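**Q** Let me give you the structure first, and then I'll get to my questions.
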Amino acid sequence: MPAPIASVIIPNYNGKHLLAVCLPALRRQTYPAGRFEVIVVDDASSDGTTDFLADDFPEVRVVALERNSGFIAACNAGVAAARGAVLVLLNNDTEAEPGWLEALIAALEKKPRAGSAASKMLLFDRRDHLHTTGDMMGVDGIPRNRGVWERDDGQYDGQRQVFGACGGAAAYRRQAWEQAGGFDPALFMYMEDVDLAWRLQLLGWQAVYVPDARVYHQVSATGGGVLASYYVGRNTILVIARNWPGALLRKHWRAILGAQLHIAADALRAWRGAAARARLRGQLAGVIGLLRVVKSRQRVQKSRRVEVQQIETLLIDPEKTS
């Protein structure tokens with residue numbers, strides 16, 4: 001049997017009820033069934049997910065992890081088992097429109113320098129509102145979901161280059177993924193897609209936003225809260241420390257530092273909230289962990305294949321962006 005063109009990889013932890021929505025949508029894809037495979041990586045669920053898949057979705061390949069290892073480890077396990085030349089990561093709390101996968105594959109086929117393709121993600125419960133139309137990177141080091149919470153009136157219906165793809169519904173060219181090293185297990189969860197987007201950009205791979213690749217996302221159905229606050233707080237700092245070229249750090253350090261201080265001040269004002277305290281703990285852990293990223297920073301910066309000016313053209317100034 002020939003290898004599939006694409007592998008759709010779905011990390012899952014106790015998400016049987018979510019898969020009951022996600023997987024039927026993949027059966028309805030216009031992209032030929034024989035040209036893609038679906039892999040669910042079950043992260044030691046206790047809700048009967050594996051039996052459910054065996055009974056109701058026998059066509060799905062299951063990678064069952066013996067112990068709960070976290071989101072990034074689950075994604076990487078799925079990639080290790082995948083046979084496709086295009087690696088498509090999809091959250092289990094999504095519902096893809098029938099033309100979603102076909103649009104992503106077509107975009108990568110037309111743009112050989114595109115290492116990743118970003119979906120048009122909309123809110124599951126408000127389907128005329130956006131979650132993201134590709135990730136952008138601010139000069140302050142803060143990634144932003146382009147178009148987040150806006151009503152979808154067609155303002156983002158043009159295909160264009162973005163900084164990176166949101167890992168909740170993203171396609172990666174296998175060649176680019178392997179060259180960049182994939183998701184970093186040290187991050188554990190959150191910001192792994194931004195970290196990878198940086199490494200891909202430094203290597204000269206582009207990211208393309210594909211407006212016809214529409215998918216609906218149940219935001220924070222499988223995460224959020226205290227856990228997200230901690231890891232976003234920590235990993236934002238680690239991603240900056242490892243990936244930003246020295247010239248950009250020297251130019252934008254005031255904006256970067258100012259953004260972190262602003263986040264810390266907001267968290268202090270909301271100190272009674274568990275998520276706010278977790279964000280502060282995460283920032284502290286990020287600062288403490290700076291020394292541990294020295295070697296990986298050297299490796300990433302040594303791999304850079306493009307001029308710093310090319311990277312800077314993709315950065316946005318939040319003070320000048322409406």
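Every chain in the structure tokens has a letter given in the order shown (A, B, ...), and although residue numbers restart at 1 in each chain, ligands are simply numbered from 1 in the order shown.
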Pick out the residues sitting within 9 Å of A:Pro245, and hand them over as a PyMOL selection string; count only C-alpha atoms, and ignore anything fewer than 2 positions along from it in its own chain.

**A** chain A and resi 202+241-243+247-250+301+304+308

**Q** Hey, what does DSSP flag as alpha helix (DSSP H) within stretch 72-318 of chain A? Can you give it to me as JSON, numbers by chain?

**A** {"A": [72, 73, 74, 75, 76, 77, 78, 79, 80, 81, 100, 101, 102, 103, 104, 105, 106, 107, 108, 109, 110, 174, 175, 176, 177, 178, 179, 180, 192, 193, 194, 195, 196, 197, 198, 199, 200, 201, 202, 203, 225, 226, 227, 228, 229, 230, 231, 232, 233, 234, 235, 236, 237, 238, 239, 240, 241, 242, 243, 246, 247, 248, 249, 250, 251, 252, 253, 254, 255, 256, 257, 258, 259, 260, 261, 262, 263, 264, 265, 266, 267, 268, 269, 274, 275, 276, 277, 278, 279, 280, 281, 282, 283, 284, 285, 286, 287, 288, 294, 295, 296, 297, 298, 299, 300, 301, 302, 308, 309, 310, 311, 312]}

**Q** Those same residues - C-alpha atoms - I'd like them written as a compact mmCIF listing (two decimals), in the first residue's frame.

**A**
```txt
# COMPACT_ATOMS: atom_id res chain seq x y z
CA ILE A 72 4.31 18.03 22.99
CA ALA A 73 5.42 14.46 23.65
CA ALA A 74 2.12 13.22 22.23
CA CYS A 75 2.56 15.29 19.07
CA ASN A 76 6.11 14.05 18.61
CA ALA A 77 4.99 10.43 19.11
CA GLY A 78 2.42 10.93 16.38
CA VAL A 79 5.01 12.38 14.04
CA ALA A 80 7.30 9.42 14.72
CA ALA A 81 4.52 7.05 13.65
CA TRP A 100 -9.96 22.00 5.10
CA LEU A 101 -7.27 19.40 4.43
CA GLU A 102 -7.40 19.78 0.65
CA ALA A 103 -6.81 23.53 0.98
CA LEU A 104 -3.79 23.06 3.25
CA ILE A 105 -2.18 20.48 0.95
CA ALA A 106 -2.80 22.63 -2.14
CA ALA A 107 -1.17 25.65 -0.51
CA LEU A 108 2.00 23.73 0.31
CA GLU A 109 2.12 22.23 -3.18
CA LYS A 110 1.93 25.69 -4.75
CA ARG A 174 8.04 16.96 6.79
CA GLN A 175 11.32 18.19 5.36
CA ALA A 176 10.94 21.50 7.20
CA TRP A 177 9.80 19.83 10.44
CA GLU A 178 12.79 17.51 10.49
CA GLN A 179 15.28 20.21 9.55
CA ALA A 180 14.03 22.44 12.37
CA GLU A 192 5.72 24.97 21.09
CA ASP A 193 4.26 26.17 17.78
CA VAL A 194 5.74 29.65 18.22
CA ASP A 195 9.13 28.16 19.08
CA LEU A 196 9.02 26.01 15.95
CA ALA A 197 7.86 28.96 13.84
CA TRP A 198 10.97 30.87 14.91
CA ARG A 199 13.30 28.04 13.96
CA LEU A 200 11.58 27.60 10.60
CA GLN A 201 11.85 31.31 9.85
CA LEU A 202 15.53 31.35 10.80
CA LEU A 203 16.10 28.45 8.41
CA GLY A 225 -6.48 28.10 33.35
CA VAL A 226 -3.64 27.75 35.81
CA LEU A 227 -1.67 25.26 33.73
CA ALA A 228 -1.72 27.45 30.64
CA SER A 229 -0.82 30.57 32.61
CA TYR A 230 2.27 28.95 34.10
CA TYR A 231 3.64 27.43 30.90
CA VAL A 232 2.87 30.45 28.73
CA GLY A 233 4.60 32.66 31.31
CA ARG A 234 7.66 30.43 31.41
CA ASN A 235 7.91 29.44 27.77
CA THR A 236 7.46 32.95 26.35
CA ILE A 237 10.71 33.95 28.03
CA LEU A 238 12.53 30.78 26.97
CA VAL A 239 11.39 31.13 23.35
CA ILE A 240 12.65 34.72 23.23
CA ALA A 241 15.98 33.79 24.79
CA ARG A 242 16.63 30.96 22.38
CA ASN A 243 15.33 32.25 19.08
CA GLY A 246 21.22 39.19 18.90
CA ALA A 247 20.65 42.19 16.61
CA LEU A 248 16.89 42.06 17.20
CA LEU A 249 17.32 41.63 20.95
CA ARG A 250 19.56 44.69 21.09
CA LYS A 251 17.11 46.72 19.03
CA HIS A 252 13.90 45.71 20.77
CA TRP A 253 14.97 44.81 24.33
CA ARG A 254 13.07 47.75 25.84
CA ALA A 255 9.79 46.61 24.24
CA ILE A 256 10.45 43.00 25.27
CA LEU A 257 11.26 43.88 28.86
CA GLY A 258 8.37 46.33 29.03
CA ALA A 259 5.91 43.67 27.90
CA GLN A 260 7.09 41.23 30.57
CA LEU A 261 6.90 43.88 33.29
CA HIS A 262 3.42 44.85 32.14
CA ILE A 263 2.29 41.22 32.32
CA ALA A 264 3.80 40.88 35.80
CA ALA A 265 2.11 44.09 36.98
CA ASP A 266 -1.27 42.90 35.72
CA ALA A 267 -0.75 39.57 37.49
CA LEU A 268 0.15 41.30 40.74
CA ARG A 269 -3.01 43.40 40.57
CA ALA A 274 -4.84 31.38 40.80
CA ALA A 275 -4.09 31.96 37.11
CA ALA A 276 -2.39 35.29 37.87
CA ARG A 277 -0.16 33.71 40.49
CA ALA A 278 0.66 30.89 38.09
CA ARG A 279 1.69 33.41 35.42
CA LEU A 280 4.11 35.03 37.87
CA ARG A 281 5.54 31.64 38.83
CA GLY A 282 5.95 30.88 35.16
CA GLN A 283 7.81 34.14 34.50
CA LEU A 284 10.11 33.43 37.43
CA ALA A 285 10.77 29.92 36.16
CA GLY A 286 11.54 31.36 32.74
CA VAL A 287 14.12 33.77 34.15
CA ILE A 288 15.69 31.02 36.26
CA VAL A 294 22.43 28.87 26.32
CA LYS A 295 23.50 25.78 24.39
CA SER A 296 20.25 25.49 22.48
CA ARG A 297 20.44 29.20 21.65
CA GLN A 298 23.90 28.73 20.20
CA ARG A 299 22.66 25.82 18.11
CA VAL A 300 19.60 27.69 16.83
CA GLN A 301 21.47 30.88 15.99
CA LYS A 302 24.23 28.95 14.24
CA VAL A 308 18.09 39.45 10.28
CA GLN A 309 16.37 42.14 8.20
CA GLN A 310 14.24 39.47 6.54
CA ILE A 311 13.01 38.26 9.92
CA GLU A 312 12.33 41.81 11.09
```

**Q** Taking the DSSP secondary structure from the backbone, can you list the residues of stretch 16-146 of chain A that are strand (DSSP E or B), as a PyMOL selection string?

**A** chain A and resi 36-42+61-64+86-90+94-96+114-123+129-132+135-138+143-145

**Q** Kindly save the residues from that selection, with N, CA and C atoms included, as a short mmCIF file (atom, residue, chain, number, x, y, z; two decimals), in the first residue's frame.

**A**
```
data_model
loop_
_atom_site.label_atom_id
_atom_site.label_comp_id
_atom_site.auth_asym_id
_atom_site.auth_seq_id
_atom_site.Cartn_x
_atom_site.Cartn_y
_atom_site.Cartn_z
N PHE A 36 -4.60 10.26 2.76
CA PHE A 36 -4.21 10.72 4.08
C PHE A 36 -4.60 9.69 5.13
N GLU A 37 -3.85 9.70 6.20
CA GLU A 37 -4.13 8.84 7.34
C GLU A 37 -4.44 9.69 8.55
N VAL A 38 -5.18 9.12 9.48
CA VAL A 38 -5.50 9.80 10.73
C VAL A 38 -4.88 9.01 11.87
N ILE A 39 -4.10 9.70 12.69
CA ILE A 39 -3.44 9.09 13.85
C ILE A 39 -3.89 9.81 15.11
N VAL A 40 -4.47 9.06 16.03
CA VAL A 40 -4.80 9.61 17.35
C VAL A 40 -3.75 9.10 18.33
N VAL A 41 -3.08 10.04 18.98
CA VAL A 41 -2.12 9.68 20.01
C VAL A 41 -2.81 9.81 21.35
N ASP A 42 -3.11 8.67 21.96
CA ASP A 42 -3.82 8.69 23.24
C ASP A 42 -2.82 8.75 24.38
N ARG A 61 -5.52 5.11 13.02
CA ARG A 61 -4.36 4.49 13.67
C ARG A 61 -4.23 5.08 15.08
N VAL A 62 -4.02 4.24 16.05
CA VAL A 62 -3.92 4.67 17.44
C VAL A 62 -2.50 4.43 17.95
N VAL A 63 -1.92 5.48 18.49
CA VAL A 63 -0.65 5.36 19.21
C VAL A 63 -0.99 5.57 20.68
N ALA A 64 -0.92 4.52 21.44
CA ALA A 64 -1.30 4.57 22.86
C ALA A 64 -0.06 4.69 23.73
N VAL A 86 3.46 15.28 4.49
CA VAL A 86 2.91 16.46 5.15
C VAL A 86 2.36 16.03 6.50
N LEU A 87 2.81 16.71 7.54
CA LEU A 87 2.40 16.41 8.91
C LEU A 87 1.38 17.46 9.34
N VAL A 88 0.17 17.01 9.63
CA VAL A 88 -0.91 17.92 9.96
C VAL A 88 -1.31 17.71 11.41
N LEU A 89 -1.07 18.71 12.23
CA LEU A 89 -1.44 18.63 13.65
C LEU A 89 -2.82 19.24 13.85
N LEU A 90 -3.66 18.52 14.55
CA LEU A 90 -5.04 18.96 14.75
C LEU A 90 -5.46 18.69 16.19
N THR A 94 -11.66 20.26 17.81
CA THR A 94 -11.93 21.00 16.58
C THR A 94 -12.92 20.24 15.71
N GLU A 95 -13.48 20.97 14.76
CA GLU A 95 -14.33 20.38 13.72
C GLU A 95 -13.95 21.04 12.40
N ALA A 96 -13.36 20.28 11.50
CA ALA A 96 -12.88 20.82 10.24
C ALA A 96 -13.97 20.79 9.18
N ALA A 114 7.24 27.23 1.46
CA ALA A 114 6.39 27.24 2.65
C ALA A 114 6.64 25.98 3.46
N GLY A 115 7.15 26.15 4.66
CA GLY A 115 7.38 25.01 5.54
C GLY A 115 6.16 24.66 6.36
N SER A 116 5.22 25.62 6.47
CA SER A 116 4.01 25.37 7.25
C SER A 116 2.85 26.13 6.63
N ALA A 117 1.65 25.67 6.94
CA ALA A 117 0.43 26.29 6.45
C ALA A 117 -0.53 26.45 7.62
N ALA A 118 -1.07 27.65 7.77
CA ALA A 118 -1.96 27.97 8.89
C ALA A 118 -3.42 27.93 8.45
N SER A 119 -4.26 27.36 9.28
CA SER A 119 -5.69 27.29 9.00
C SER A 119 -6.39 28.59 9.40
N LYS A 120 -7.58 28.76 8.86
CA LYS A 120 -8.48 29.81 9.35
C LYS A 120 -9.31 29.18 10.47
N MET A 121 -8.99 29.53 11.71
CA MET A 121 -9.66 28.93 12.85
C MET A 121 -10.74 29.87 13.37
N LEU A 122 -11.94 29.34 13.50
CA LEU A 122 -13.08 30.11 13.99
C LEU A 122 -13.58 29.49 15.29
N LEU A 123 -14.36 30.26 16.03
CA LEU A 123 -14.88 29.77 17.30
C LEU A 123 -15.97 28.74 17.06
N HIS A 129 -17.13 34.20 14.17
CA HIS A 129 -16.06 34.93 14.84
C HIS A 129 -14.76 34.14 14.76
N LEU A 130 -13.66 34.86 14.67
CA LEU A 130 -12.35 34.26 14.44
C LEU A 130 -11.61 33.93 15.73
N HIS A 131 -10.84 32.88 15.66
CA HIS A 131 -9.86 32.60 16.71
C HIS A 131 -8.46 32.98 16.24
N THR A 132 -8.08 32.56 15.04
CA THR A 132 -6.80 33.00 14.49
C THR A 132 -6.77 32.81 12.98
N ASP A 135 -0.39 33.10 13.11
CA ASP A 135 0.31 33.73 14.22
C ASP A 135 1.21 34.85 13.72
N MET A 136 1.17 35.97 14.44
CA MET A 136 2.08 37.08 14.18
C MET A 136 2.99 37.26 15.39
N MET A 137 4.13 37.90 15.21
CA MET A 137 5.09 38.11 16.29
C MET A 137 5.33 39.59 16.50
N GLY A 138 5.14 40.05 17.74
CA GLY A 138 5.35 41.46 18.05
C GLY A 138 6.81 41.76 18.34
N PRO A 143 3.66 36.73 20.96
CA PRO A 143 2.95 36.26 19.77
C PRO A 143 1.49 36.65 19.85
N ARG A 144 0.89 36.83 18.69
CA ARG A 144 -0.51 37.27 18.63
C ARG A 144 -1.27 36.46 17.59
N ASN A 145 -2.51 36.11 17.93
CA ASN A 145 -3.40 35.45 16.99
C ASN A 145 -4.01 36.53 16.09
#
```
